[in-house]
Each structure stands twice: as C-alpha cells, then as structure tokens.
file structure.cif (mmCIF, C-alpha atoms and all ligand atoms)
data_final
#
loop_
_atom_site.label_atom_id
_atom_site.label_comp_id
_atom_site.auth_asym_id
_atom_site.auth_seq_id
_atom_site.Cartn_x
_atom_site.Cartn_y
_atom_site.Cartn_z
CA ARG A 8 125.60 85.19 85.69
CA PRO A 9 125.51 86.61 89.18
CA GLY A 10 122.47 86.43 91.42
CA ALA A 11 120.24 83.72 92.87
CA GLU A 12 117.91 83.41 89.86
CA GLN A 13 119.34 80.17 88.49
CA TRP A 14 118.89 78.39 91.86
CA VAL A 15 115.25 79.41 92.32
CA PRO A 16 112.86 76.66 91.16
CA GLN A 17 109.88 77.88 89.14
CA GLY A 18 106.45 77.63 90.75
CA ALA A 19 107.83 76.20 93.99
CA GLY A 20 106.17 76.40 97.38
CA ILE A 21 108.01 77.58 100.50
CA ASP A 22 109.33 74.13 101.51
CA LEU A 23 110.85 73.51 98.08
CA LEU A 24 112.30 77.05 97.99
CA ARG A 25 113.86 76.51 101.43
CA GLU A 26 115.44 73.25 100.27
CA ALA A 27 116.71 74.74 97.00
CA ALA A 28 118.26 77.72 98.80
CA THR A 29 120.72 75.39 100.53
CA ARG A 30 122.50 75.13 97.15
CA CYS A 31 122.50 78.86 96.28
CA HIS A 32 125.80 80.37 95.16
CA GLY A 33 124.16 83.55 93.86
CA CYS A 34 126.73 85.71 95.64
CA GLU A 35 129.88 85.12 97.69
CA LEU A 36 128.15 85.13 101.08
CA TRP A 37 127.35 81.40 101.07
CA GLU A 38 130.98 80.40 101.48
CA PRO A 39 132.03 81.75 104.91
CA ALA A 40 128.54 81.26 106.37
CA THR A 41 127.54 78.11 108.27
CA GLN A 42 124.29 77.61 106.38
CA VAL A 43 121.50 79.41 104.58
CA VAL A 44 118.78 80.84 106.82
CA PHE A 45 115.61 80.85 104.77
CA SER A 46 112.46 81.59 106.77
CA ALA A 47 110.15 80.44 109.54
CA GLY A 48 106.44 80.54 110.18
CA PRO A 49 103.29 79.56 108.29
CA PRO A 50 103.13 80.36 104.54
CA SER A 51 99.42 81.18 105.09
CA ALA A 52 100.36 84.02 107.48
CA SER A 53 98.45 87.30 107.19
CA MET A 54 101.59 89.13 108.35
CA VAL A 55 105.06 88.76 106.84
CA LEU A 56 108.10 90.28 108.54
CA VAL A 57 111.20 90.88 106.43
CA GLY A 58 114.52 91.52 108.20
CA GLU A 59 117.99 92.31 106.90
CA GLN A 60 120.01 89.12 107.10
CA PRO A 61 120.61 86.35 109.63
CA GLY A 62 122.89 87.21 112.54
CA ASP A 63 125.52 85.10 114.26
CA GLN A 64 123.05 82.90 116.17
CA GLU A 65 120.68 82.57 113.24
CA ASP A 66 123.61 81.41 111.09
CA GLN A 67 124.44 78.70 113.62
CA ARG A 68 120.88 77.56 114.20
CA GLY A 69 119.48 77.97 110.69
CA THR A 70 116.41 79.91 111.85
CA PRO A 71 115.69 83.65 111.53
CA PHE A 72 115.25 85.98 114.52
CA VAL A 73 116.51 83.69 117.28
CA GLY A 74 119.36 86.00 118.44
CA PRO A 75 119.19 89.18 120.60
CA ALA A 76 117.49 91.32 117.92
CA GLY A 77 115.03 88.50 117.26
CA THR A 78 114.20 88.25 120.96
CA LEU A 79 113.44 91.99 121.06
CA LEU A 80 111.33 91.65 117.91
CA VAL A 81 109.30 88.74 119.32
CA GLN A 82 108.67 90.77 122.48
CA ALA A 83 107.48 93.76 120.41
CA VAL A 84 105.26 91.53 118.27
CA LYS A 85 103.61 90.14 121.42
CA GLU A 86 103.15 93.63 122.86
CA ALA A 87 101.44 94.61 119.61
CA GLY A 88 98.88 91.89 120.30
CA ILE A 89 100.15 89.45 117.67
CA ASP A 90 100.98 85.78 118.28
CA PRO A 91 104.56 85.46 116.89
CA ALA A 92 103.88 81.87 115.81
CA THR A 93 101.30 83.12 113.28
CA VAL A 94 103.79 85.42 111.53
CA TYR A 95 105.97 84.42 108.55
CA ARG A 96 109.55 85.63 109.15
CA THR A 97 112.21 86.00 106.49
CA ASN A 98 115.18 88.15 105.49
CA ALA A 99 116.23 90.25 102.48
CA VAL A 100 119.60 88.45 102.40
CA LYS A 101 119.71 84.80 103.39
CA HIS A 102 123.32 84.30 104.40
CA PHE A 103 125.12 85.95 107.35
CA ARG A 104 127.64 88.59 106.24
CA PHE A 105 130.40 89.10 108.80
CA GLU A 106 134.01 90.01 109.41
CA PRO A 107 136.06 87.63 111.56
CA ARG A 108 137.69 89.42 114.50
CA GLY A 109 139.62 87.00 116.68
CA THR A 110 137.14 84.30 117.68
CA ARG A 111 134.19 86.65 117.09
CA ARG A 112 132.22 87.29 113.92
CA ILE A 113 131.22 90.92 113.53
CA HIS A 114 128.01 91.64 111.59
CA LYS A 115 128.48 93.57 108.35
CA THR A 116 125.53 95.28 106.70
CA PRO A 117 124.87 93.76 103.27
CA GLU A 118 125.71 95.85 100.21
CA VAL A 119 123.17 96.67 97.52
CA GLN A 120 124.80 93.97 95.35
CA HIS A 121 123.91 91.33 97.98
CA ILE A 122 120.33 92.62 98.26
CA VAL A 123 119.98 92.45 94.47
CA ALA A 124 121.65 89.03 94.18
CA CYS A 125 119.38 87.53 96.85
CA HIS A 126 116.16 89.22 95.70
CA PRO A 127 114.94 86.30 93.53
CA TRP A 128 114.34 84.32 96.76
CA LEU A 129 112.27 87.09 98.36
CA HIS A 130 110.40 87.57 95.10
CA ALA A 131 109.61 83.84 94.91
CA GLU A 132 108.40 83.89 98.53
CA LEU A 133 106.07 86.81 97.81
CA GLU A 134 104.67 84.94 94.80
CA VAL A 135 103.38 82.12 97.01
CA LEU A 136 102.62 83.98 100.27
CA THR A 137 99.25 85.69 100.66
CA PRO A 138 99.81 88.30 103.39
CA GLY A 139 97.53 91.16 104.28
CA ILE A 140 100.66 93.15 105.11
CA VAL A 141 104.41 92.86 104.56
CA VAL A 142 106.50 94.65 107.20
CA ALA A 143 109.97 95.82 106.17
CA LEU A 144 112.23 95.89 109.22
CA GLY A 145 114.86 98.53 108.47
CA ALA A 146 116.48 100.05 105.40
CA THR A 147 117.86 96.83 103.89
CA ALA A 148 114.46 95.14 103.94
CA GLY A 149 112.84 98.32 102.62
CA ARG A 150 115.28 98.55 99.77
CA ALA A 151 114.82 94.86 98.91
CA LEU A 152 111.02 95.02 99.01
CA PHE A 153 110.44 98.40 97.37
CA GLY A 154 113.36 98.25 94.94
CA ARG A 155 114.57 101.72 95.93
CA PRO A 156 116.47 103.40 98.76
CA VAL A 157 114.25 104.18 101.77
CA LYS A 158 114.52 106.51 104.77
CA ILE A 159 113.15 105.01 107.98
CA GLY A 160 112.61 108.33 109.76
CA ALA A 161 110.62 109.85 106.91
CA GLU A 162 108.67 106.81 105.72
CA ARG A 163 108.00 104.57 108.71
CA GLY A 164 104.65 103.63 110.17
CA THR A 165 102.37 104.26 107.18
CA VAL A 166 100.47 101.54 105.34
CA LEU A 167 101.65 101.67 101.72
CA GLU A 168 99.73 100.39 98.70
CA GLY A 169 101.57 99.37 95.54
CA ALA A 170 104.99 99.88 97.14
CA ILE A 171 106.20 96.37 96.31
CA PRO A 172 106.74 95.98 92.56
CA ASP A 173 104.87 92.96 91.10
CA SER A 174 102.89 92.46 94.33
CA SER A 175 99.47 93.65 95.43
CA ALA A 176 100.32 93.20 99.12
CA LYS A 177 100.17 96.22 101.39
CA ALA A 178 103.47 97.16 103.02
CA LEU A 179 104.75 99.06 106.04
CA LEU A 180 108.28 100.22 106.81
CA THR A 181 109.58 100.33 110.38
CA ALA A 182 112.86 100.26 112.27
CA HIS A 183 115.09 97.21 112.41
CA PRO A 184 115.03 95.54 115.86
CA SER A 185 118.87 95.67 115.94
CA ALA A 186 118.68 99.47 115.66
CA VAL A 187 116.35 99.54 118.68
CA LEU A 188 118.59 97.08 120.55
CA ARG A 189 121.64 99.29 119.99
CA MET A 190 119.83 102.13 121.83
CA GLN A 191 119.43 100.07 125.02
CA ARG A 192 121.55 102.45 127.12
CA ASP A 193 120.31 105.62 125.38
CA PRO A 194 117.61 107.89 126.81
CA GLY A 195 115.67 107.40 123.57
CA TYR A 196 115.36 103.64 123.97
CA ASP A 197 111.84 103.53 125.45
CA GLU A 198 110.46 105.72 122.69
CA ALA A 199 112.27 103.74 119.97
CA TYR A 200 110.86 100.48 121.31
CA ALA A 201 107.37 102.00 121.70
CA ALA A 202 107.51 103.24 118.10
CA LEU A 203 108.31 99.72 116.88
CA VAL A 204 105.36 98.30 118.82
CA ARG A 205 103.11 101.09 117.49
CA ASP A 206 104.13 100.32 113.88
CA LEU A 207 103.51 96.59 114.38
CA ARG A 208 100.04 97.41 115.77
CA THR A 209 99.31 99.53 112.69
CA ALA A 210 100.39 96.61 110.51
CA ALA A 211 98.29 94.12 112.48
CA ALA A 212 95.20 96.30 112.11
CA VAL A 213 95.27 95.99 108.30
CA ALA A 214 96.66 92.42 108.13
CA GLY A 215 93.16 90.93 108.33
N1 LIG B 301 117.91 88.11 112.79
C1 LIG B 301 117.41 87.89 111.56
O1 LIG B 301 117.11 86.78 111.19
N2 LIG B 301 117.25 88.92 110.76
C2 LIG B 301 117.54 90.15 111.10
O2 LIG B 301 117.33 91.04 110.28
C3 LIG B 301 118.08 90.37 112.38
C4 LIG B 301 118.25 89.33 113.21
FE1 LIG B 302 122.36 83.01 97.48
FE2 LIG B 302 121.33 85.00 98.91
FE3 LIG B 302 123.07 83.35 100.01
FE4 LIG B 302 123.91 85.12 98.22
S1 LIG B 302 123.04 85.57 100.25
S2 LIG B 302 124.45 82.93 98.26
S3 LIG B 302 122.15 85.16 96.82
S4 LIG B 302 121.04 82.80 99.29
#
call {"tool": "encode", "arguments": {"input": "structure.cif", "output": "structure tokens"}}
result
Amino acid sequence: RPGAEQWVPQGAGIDLLREAATRCHGCELWEPATQVVFSAGPPSASMVLVGEQPGDQEDQRGTPFVGPAGTLLVQAVKEAGIDPATVYRTNAVKHFRFEPRGTRRIHKTPEVQHIVACHPWLHAELEVLTPGIVVALGATAGRALFGRPVKIGAERGTVLEGAIPDSSAKALLTAHPSAVLRMQRDPGYDEAYAALVRDLRTAAAVAG
C-alpha cells in the first residue's frame, strides 16, 4: 500500500515521529534524497509554518528552512515581530525532490501523489501540536493542509477557520518564500516581500 501511513507510529510525540520518519518508504522520494527532513522548533509553538519540501541545503543538513528561501523566510518572520526560534517549522513533503543536472540538483515541485503519500506525517504532527495558527507557505502546503487545490492570489492573507480537515486550528495561506526569492530582480520584489511580512503579522496577531 502506498503512502506513509504504515510508518507513522500511533499516538507518538514529535521526537518519536521524527525518528520514525527516517525509515519512511511511503513514496519513491526517500531513495535519491540524502535524508528525511522532518521539522524544527518547539512542539508547544503558537505558530506553525508549513513549507513545500526541503531544498538542496535542507536535504544535506537535515533541517528545514536553512537554505536561501529559508533565510528570506526567517528575515520576514523577524520583520513581522516574531522570534523565529519560537515557531515550529515543517514541510508538506519531507524528502527533497530533484532532478540531477551535471553536479547540480534542480528542485522539482512535488506532485499531488507525493503530497498525499506524505500527508500522514503532517496529520500526525497536527494531532500533537497546539498552534493558534498554521501558516501554509505556498500552494503545495495549502493543498496538503486544506486537502484541496488553492490559489495564492485569491486566498492569501485571511485567517481561515475550519480550513484544515480534522483540526480546529486556524489557518492562513501566504506565498512561498522561494516564490518571493525568485522575484529578487523584478520590480515587484519589494511588494511581494512586504506582502509576506504583512501576512505573517496577520498570523501572529491571532496566534496568541
Ligand atoms: N526549505 C524548506 O525546508 N521548505 C521549503 O518549503 C523551502 C525551503
Ligand atoms: Fe515518506 Fe514523505 Fe519521504 Fe515519501 S516524501 S518517503 S512519504 S517521508
């Protein structure tokens, strides 16, 4: 049977989940990746950030949001008045999906099948976390959390109640930091970055 379900221990806390995820073969992404990248930050966090998947540097270091997109995100979190160390950080898909190109590994967006296969981990995390708000960073995180396709432009920046099936946590959809990073040489960069900070402020205001 495909999917992570059979590797997810029942009633486990975050540390046990993180340890069990090292054995997951719920989809094919475990094999070319260096290691699973589970999460970071305190399980008691009032804010949970959910990204897409680990990138190249995250895959090598085993920690989420330590690469270029992560650096931008941490900066935006600080500018929103939040101490990044108090935030729980995780991803919709827990292995790096890439295409080898010479000596480089080029990021590939996960397919819906990978989001679905990996969802039991995110679901188990949300069972034990007690956030005031869960922030979906980008369309992959939104799809994983809400169980439906999402449109960032139309749905971002609003506090949503009941958007996460089987969870009472409030949620907010915003842009993925990689999408903002890609705009670095565009005239729209400043506004895109400001919009991310604005959304994180909105989330912080209801996080409690
Ligand atoms: N790093 C992560 O861990 N997740 C993302 O979604 C992007 C960068
Ligand atoms: Fe398991 Fe998720 Fe990794 Fe696939 S991406 S092997 S489901 S942890």
call {"tool": "residues_near_ligand", "arguments": {"input": "structure.cif", "ligand": "ligand LIG 301 (chain B)", "cutoff": "12 Å", "atoms": "only C-alpha atoms and all ligand atoms", "output": "ChimeraX atom specification"}}
result
/A:43-47,56-81,95-104,114-117,142-149,182-188
call {"tool": "closest_residue", "arguments": {"input": "structure.cif", "among": "A:Leu129, A:Ala19, A:Leu167, A:Leu152", "to": "ligand LIG 302 (chain B)", "atoms": "only C-alpha atoms and all ligand atoms"}}
result
A:Leu129
call {"tool": "closest_residue", "arguments": {"input": "structure.cif", "among": "A:Ala161, A:Val123, A:Val213, A:Leu180", "to": "Cys34 of chain A", "atoms": "all atoms listed in the file"}}
result
A:Val123
call {"tool": "atom_distance", "arguments": {"input": "structure.cif", "atom1": "atom S3 of ligand LIG 302 (chain B)", "atom2": "atom CA of Arg112 of chain A"}}
result
20.0 Å
call {"tool": "closest_atom_pairs", "arguments": {"input": "structure.cif", "of": "chain A", "to": "ligand LIG 302 (chain B)", "cutoff": "6 Å", "atoms": "all atoms listed in the file", "output": "tab-separated table"}}
result
residue	atom	partner	partner_atom	distance
A:Gly10	CA	B:LIG302	S3	5.6
A:Ala11	CA	B:LIG302	S3	4.6
A:Ala28	CA	B:LIG302	S4	5.8
A:Cys31	CA	B:LIG302	FE1	4.3
A:His32	CA	B:LIG302	S2	4.2
A:Gly33	CA	B:LIG302	S3	3.9
A:Cys34	CA	B:LIG302	FE4	3.9
A:Glu35	CA	B:LIG302	S2	5.9
A:Leu36	CA	B:LIG302	FE4	5.1
A:Trp37	CA	B:LIG302	S2	4.3
A:Val100	CA	B:LIG302	S1	5.0
A:Lys101	CA	B:LIG302	S1	4.6
A:His102	CA	B:LIG302	S1	4.3
A:Ala124	CA	B:LIG302	S3	4.7
A:Cys125	CA	B:LIG302	S3	3.6
call {"tool": "atom_distance", "arguments": {"input": "structure.cif", "atom1": "atom CA of Gly48 of chain A", "atom2": "atom CA of Ala131 of chain A"}}
result
15.9 Å
call {"tool": "closest_residue", "arguments": {"input": "structure.cif", "among": "A:Glu118, A:Asp22, A:Glu86, A:Asp206", "to": "Val166 of chain A", "atoms": "only C-alpha atoms"}}
result
A:Asp206
call {"tool": "residues_around", "arguments": {"input": "structure.cif", "residues": "Ala211 of chain A", "least_positions_apart": "3", "cutoff": "12 Å", "atoms": "only C-alpha atoms", "output": "PyMOL selection string"}}
result
chain A and resi 52-56+84-91+93-94+138-142+164+166+177-179+204-208+214-215
call {"tool": "atom_distance", "arguments": {"input": "structure.cif", "atom1": "atom CA of Trp14 of chain A", "atom2": "atom CA of Arg155 of chain A"}}
result
24.1 Å
call {"tool": "axis_aligned_box", "arguments": {"input": "structure.cif", "around": "segment 132-151 of chain A", "padding_each_side": "3 Å", "output": "JSON"}}
result
{"center_x": 107.7, "center_y": 91.1, "center_z": 102.0, "size_x": 26.3, "size_y": 23.9, "size_z": 20.4}
call {"tool": "closest_residue", "arguments": {"input": "structure.cif", "among": "A:Phe153, A:His126, A:Leu203, A:Pro107", "to": "Glu168 of chain A", "atoms": "all atoms listed in the file"}}
result
A:Phe153
call {"tool": "closest_residue", "arguments": {"input": "structure.cif", "among": "A:Thr41, A:Thr137, A:Thr165, A:Thr110", "to": "Ile21 of chain A", "atoms": "all atoms listed in the file"}}
result
A:Thr137
